[in-house]
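Just below is one structure, and these are the notes that go with it.
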Amino acid sequence: MYGETNWALRPGRPEDVEPMAELRAEVMRPDLERLGRYDEHRVRQRLRDGFSPRHTSVIELDGSLAGCVTVRPYEDGEGLYLEHFYLAPGTRGRGLGTAVLRELLGRADAEGVPVRLVVLQGSAARRLYEREGFRFESEDPVDVTLVRTPRPRAAGR
């Protein structure tokens, strides 16, 4: 399990776009192939087109690149939108995703705002999000939109 000390979020930089595009292609390939939607170019270009260093954090584990996540204001101004949350394959299954997600959700709770995200139909990541309080909002044949309402802060925090 990952403790509090060996991972960190650092601000994204313009030069992070290509490593993040490659990570996205690697992580999403199995689900996109299962859905018949994998395109070698498009899987990378979607990240490039929406990449915002200002809203992106790079996840580092023991000082090395372990993933990325973007949290930006939601289109309607009501809350936050979590996207491009990818972890390198060798880092998954040991609590890093949960730890990072809880950190981000704690920030949203402190602001008192909901968080939305889209997950691919049938993706194992949906279980992580639902464990952390996300609930079904809508779906189409490819995507499922989930939303999490802010949790009240405990007294004395």
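Ligands are numbered from 1 in the order shown, residues from 1 within each chain, and chains are lettered A, B, ... in the order they appear in the structure tokens.
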Hey, what does DSSP flag as helix (DSSP H, G or I) within chain A? Can you give it to me as an NGL selection string?
:A and (14-34 or 42-50 or 89-91 or 96-111 or 125-131)
Fewer than 4 positions away in the same chain doesn't count, so skip those; otherwise give me all residues within 12 Å of Arg10 in chain A, counting only C-alpha atoms, as JSON, numbers by chain.
{"A": [16, 53, 54, 55, 56, 57, 58, 59, 60, 61, 63, 64, 65, 66, 67, 68, 69, 70, 100]}
Name the residues in contact with Pro152 in chain A at a cut-off of 9 Å, using only C-alpha atoms, excluding same-chain residues fewer than 2 positions from it; report them as a PyMOL selection string.
chain A and resi 109-110+112+150+154
Taking only C-alpha atoms into account, which of A:Arg94, A:Arg44, A:Arg153, A:Arg34 comes nearest Glu111 in chain A?
A:Arg153
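Closest approach to Pro11 in chain A from the set A:Gly95, A:Ser52, A:Val144, A:Pro30 is made by A:Ser52, with distances taken over only C-alpha atoms.
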From the set A:Glu26, A:Asp39, A:Glu83, A:Glu130, which residue has the shortest atom-to-atom contact distance to Phe51 in chain A, counting only C-alpha atoms?
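For Phe51 in chain A, the nearest of the given residues is A:Glu83.
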Could you pull the residues within 8 Å of Val115 in chain A, counting only C-alpha atoms, minus those fewer than 5 positions along the same chain, as a list in words?
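These residues fall inside the cut-off: Gly79, Leu80, Tyr81, Leu82, Leu105, Ala108, Val147, Arg148, Thr149 and Pro150 of chain A.
Distance check against Met28 in chain A using only C-alpha atoms: of A:Pro89, A:Gly106, A:Gly77, A:Pro141, the minimum falls on A:Pro89.
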Find the residues near Arg48 in chain A: any atom within 12 Å, counting only C-alpha atoms, skip ones fewer than 5 places away on the same chain, and give them as a ChimeraX atom specification.
/A:14-25,41-43,53,84
Create the file for the chosen residues now, containing N, CA and C atoms and written as an mmCIF file, in the first residue's frame.
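Saved as selection.cif:
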data_model
loop_
_atom_site.group_PDB
_atom_site.id
_atom_site.type_symbol
_atom_site.label_atom_id
_atom_site.label_comp_id
_atom_site.auth_asym_id
_atom_site.auth_seq_id
_atom_site.Cartn_x
_atom_site.Cartn_y
_atom_site.Cartn_z
ATOM 1 N N PRO A 14 3.887 22.210 -19.671
ATOM 2 C CA PRO A 14 3.637 21.937 -21.096
ATOM 3 C C PRO A 14 4.366 20.698 -21.612
ATOM 4 N N GLU A 15 5.564 20.459 -21.131
ATOM 5 C CA GLU A 15 6.334 19.312 -21.623
ATOM 6 C C GLU A 15 5.794 17.967 -21.125
ATOM 7 N N ASP A 16 4.811 17.984 -20.239
ATOM 8 C CA ASP A 16 4.203 16.741 -19.763
ATOM 9 C C ASP A 16 3.211 16.157 -20.758
ATOM 10 N N VAL A 17 2.802 16.914 -21.762
ATOM 11 C CA VAL A 17 1.729 16.465 -22.642
ATOM 12 C C VAL A 17 2.043 15.150 -23.358
ATOM 13 N N GLU A 18 3.228 14.990 -23.889
ATOM 14 C CA GLU A 18 3.524 13.767 -24.642
ATOM 15 C C GLU A 18 3.650 12.539 -23.738
ATOM 16 N N PRO A 19 4.360 12.608 -22.612
ATOM 17 C CA PRO A 19 4.349 11.436 -21.720
ATOM 18 C C PRO A 19 2.935 11.083 -21.247
ATOM 19 N N MET A 20 2.087 12.086 -21.021
ATOM 20 C CA MET A 20 0.725 11.812 -20.590
ATOM 21 C C MET A 20 -0.107 11.205 -21.716
ATOM 22 N N ALA A 21 0.120 11.656 -22.960
ATOM 23 C CA ALA A 21 -0.587 11.083 -24.110
ATOM 24 C C ALA A 21 -0.210 9.611 -24.288
ATOM 25 N N GLU A 22 1.061 9.290 -24.093
ATOM 26 C CA GLU A 22 1.498 7.894 -24.197
ATOM 27 C C GLU A 22 0.905 7.058 -23.077
ATOM 28 N N LEU A 23 0.879 7.602 -21.870
ATOM 29 C CA LEU A 23 0.291 6.879 -20.743
ATOM 30 C C LEU A 23 -1.189 6.618 -20.999
ATOM 31 N N ARG A 24 -1.898 7.625 -21.508
ATOM 32 C CA ARG A 24 -3.324 7.453 -21.816
ATOM 33 C C ARG A 24 -3.529 6.319 -22.816
ATOM 34 N N ALA A 25 -2.716 6.310 -23.860
ATOM 35 C CA ALA A 25 -2.850 5.272 -24.890
ATOM 36 C C ALA A 25 -2.647 3.879 -24.287
ATOM 37 N N HIS A 41 -4.113 6.924 -33.155
ATOM 38 C CA HIS A 41 -3.872 8.368 -33.183
ATOM 39 C C HIS A 41 -4.840 9.107 -32.253
ATOM 40 N N ARG A 42 -6.114 8.799 -32.360
ATOM 41 C CA ARG A 42 -7.133 9.546 -31.611
ATOM 42 C C ARG A 42 -6.963 9.413 -30.098
ATOM 43 N N VAL A 43 -6.530 8.253 -29.616
ATOM 44 C CA VAL A 43 -6.380 8.048 -28.179
ATOM 45 C C VAL A 43 -5.360 9.035 -27.590
ATOM 46 N N PRO A 53 -2.007 22.436 -18.662
ATOM 47 C CA PRO A 53 -1.048 22.360 -17.560
ATOM 48 C C PRO A 53 -1.574 23.036 -16.291
ATOM 49 N N HIS A 84 -8.733 12.609 -17.289
ATOM 50 C CA HIS A 84 -7.343 12.215 -17.556
ATOM 51 C C HIS A 84 -6.647 11.714 -16.297
#
What residues in range 54-116 of chain A get the DSSP label strand (DSSP E)? Please answer as a PyMOL selection string.
chain A and resi 56-61+64-73+80-87+115-116
Could you save the residues just selected, with N, CA, C and O atoms, as a short mmCIF file (atom, residue, chain, number, x, y, z; two decimals), in the first residue's frame?
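File written: selection_11.cif
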data_model
loop_
_atom_site.label_atom_id
_atom_site.label_comp_id
_atom_site.auth_asym_id
_atom_site.auth_seq_id
_atom_site.Cartn_x
_atom_site.Cartn_y
_atom_site.Cartn_z
N THR A 56 -3.77 20.42 -14.59
CA THR A 56 -3.24 19.06 -14.53
C THR A 56 -2.18 18.93 -13.45
O THR A 56 -1.35 19.81 -13.28
N SER A 57 -2.23 17.80 -12.77
CA SER A 57 -1.19 17.44 -11.81
C SER A 57 -0.53 16.15 -12.29
O SER A 57 -1.21 15.24 -12.79
N VAL A 58 0.77 16.08 -12.12
CA VAL A 58 1.51 14.86 -12.41
C VAL A 58 1.67 14.13 -11.09
O VAL A 58 2.01 14.72 -10.07
N ILE A 59 1.39 12.85 -11.12
CA ILE A 59 1.51 12.00 -9.94
C ILE A 59 2.91 11.40 -9.97
O ILE A 59 3.28 10.73 -10.93
N GLU A 60 3.67 11.67 -8.92
CA GLU A 60 5.00 11.11 -8.81
C GLU A 60 5.04 10.13 -7.64
O GLU A 60 4.46 10.39 -6.59
N LEU A 61 5.70 9.03 -7.86
CA LEU A 61 5.87 8.00 -6.84
C LEU A 61 7.37 7.83 -6.62
O LEU A 61 8.09 7.50 -7.56
N SER A 64 9.42 9.52 -9.25
CA SER A 64 9.29 9.12 -10.66
C SER A 64 7.85 9.29 -11.13
O SER A 64 6.91 9.17 -10.35
N LEU A 65 7.70 9.49 -12.42
CA LEU A 65 6.39 9.63 -13.03
C LEU A 65 5.55 8.38 -12.80
O LEU A 65 5.96 7.27 -13.13
N ALA A 66 4.36 8.57 -12.21
CA ALA A 66 3.46 7.44 -11.95
C ALA A 66 2.09 7.65 -12.58
O ALA A 66 1.31 6.71 -12.67
N GLY A 67 1.78 8.88 -13.01
CA GLY A 67 0.48 9.12 -13.60
C GLY A 67 0.16 10.59 -13.70
O GLY A 67 1.03 11.45 -13.55
N CYS A 68 -1.12 10.87 -13.96
CA CYS A 68 -1.57 12.25 -14.08
C CYS A 68 -3.05 12.31 -13.76
O CYS A 68 -3.75 11.30 -13.76
N VAL A 69 -3.51 13.52 -13.51
CA VAL A 69 -4.94 13.77 -13.29
C VAL A 69 -5.21 15.24 -13.58
O VAL A 69 -4.38 16.11 -13.28
N THR A 70 -6.37 15.51 -14.16
CA THR A 70 -6.79 16.87 -14.44
C THR A 70 -8.08 17.13 -13.68
O THR A 70 -9.00 16.31 -13.71
N VAL A 71 -8.13 18.27 -13.01
CA VAL A 71 -9.34 18.72 -12.33
C VAL A 71 -9.56 20.17 -12.75
O VAL A 71 -8.76 21.04 -12.45
N ARG A 72 -10.65 20.38 -13.48
CA ARG A 72 -10.93 21.73 -13.99
C ARG A 72 -12.36 22.12 -13.64
O ARG A 72 -13.17 21.25 -13.30
N PRO A 73 -12.66 23.41 -13.71
CA PRO A 73 -14.05 23.83 -13.46
C PRO A 73 -14.98 23.16 -14.46
O PRO A 73 -14.65 23.01 -15.64
N LEU A 80 -16.58 20.74 -10.20
CA LEU A 80 -15.33 20.37 -10.86
C LEU A 80 -15.54 19.16 -11.75
O LEU A 80 -16.42 18.34 -11.51
N TYR A 81 -14.67 19.03 -12.74
CA TYR A 81 -14.68 17.91 -13.66
C TYR A 81 -13.33 17.22 -13.56
O TYR A 81 -12.28 17.84 -13.77
N LEU A 82 -13.34 15.95 -13.20
CA LEU A 82 -12.12 15.16 -13.07
C LEU A 82 -11.95 14.36 -14.36
O LEU A 82 -12.88 13.67 -14.78
N GLU A 83 -10.79 14.47 -14.97
CA GLU A 83 -10.53 13.74 -16.21
C GLU A 83 -9.04 13.39 -16.31
O GLU A 83 -8.24 13.86 -15.51
N HIS A 84 -8.73 12.61 -17.29
CA HIS A 84 -7.34 12.21 -17.56
C HIS A 84 -6.65 11.71 -16.30
O HIS A 84 -5.51 12.09 -16.01
N PHE A 85 -7.33 10.84 -15.57
CA PHE A 85 -6.76 10.23 -14.37
C PHE A 85 -6.20 8.88 -14.77
O PHE A 85 -6.94 7.90 -14.93
N TYR A 86 -4.90 8.84 -14.98
CA TYR A 86 -4.23 7.64 -15.45
C TYR A 86 -3.06 7.31 -14.54
O TYR A 86 -2.29 8.20 -14.17
N LEU A 87 -2.92 6.04 -14.21
CA LEU A 87 -1.78 5.55 -13.45
C LEU A 87 -1.01 4.55 -14.30
O LEU A 87 -1.60 3.73 -14.99
N VAL A 115 -18.21 16.96 -7.87
CA VAL A 115 -17.21 16.55 -8.86
C VAL A 115 -17.89 15.59 -9.81
O VAL A 115 -18.59 14.67 -9.39
N ARG A 116 -17.66 15.79 -11.11
CA ARG A 116 -18.18 14.90 -12.14
C ARG A 116 -17.02 14.27 -12.88
O ARG A 116 -15.93 14.84 -12.95
#
Test item: residues at most 12 Å from Asp140 in chain A, only C-alpha atoms, excluding those fewer than 5 positions along its chain, as a ChimeraX atom specification:
/A:118-122,145
Counting only C-alpha atoms, the residue of A:Arg29, A:Tyr38, A:Leu47, A:Gly93 that sits nearest Ala125 in chain A:
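Under the stated criterion, the closest residue is A:Gly93.
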Between A:Leu146, A:Leu35, A:Leu96, A:Ala8, single out the one closest to Arg126 in chain A, counting only C-alpha atoms.
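Checking each candidate against Arg126 in chain A, we get A:Leu146 as the closest.
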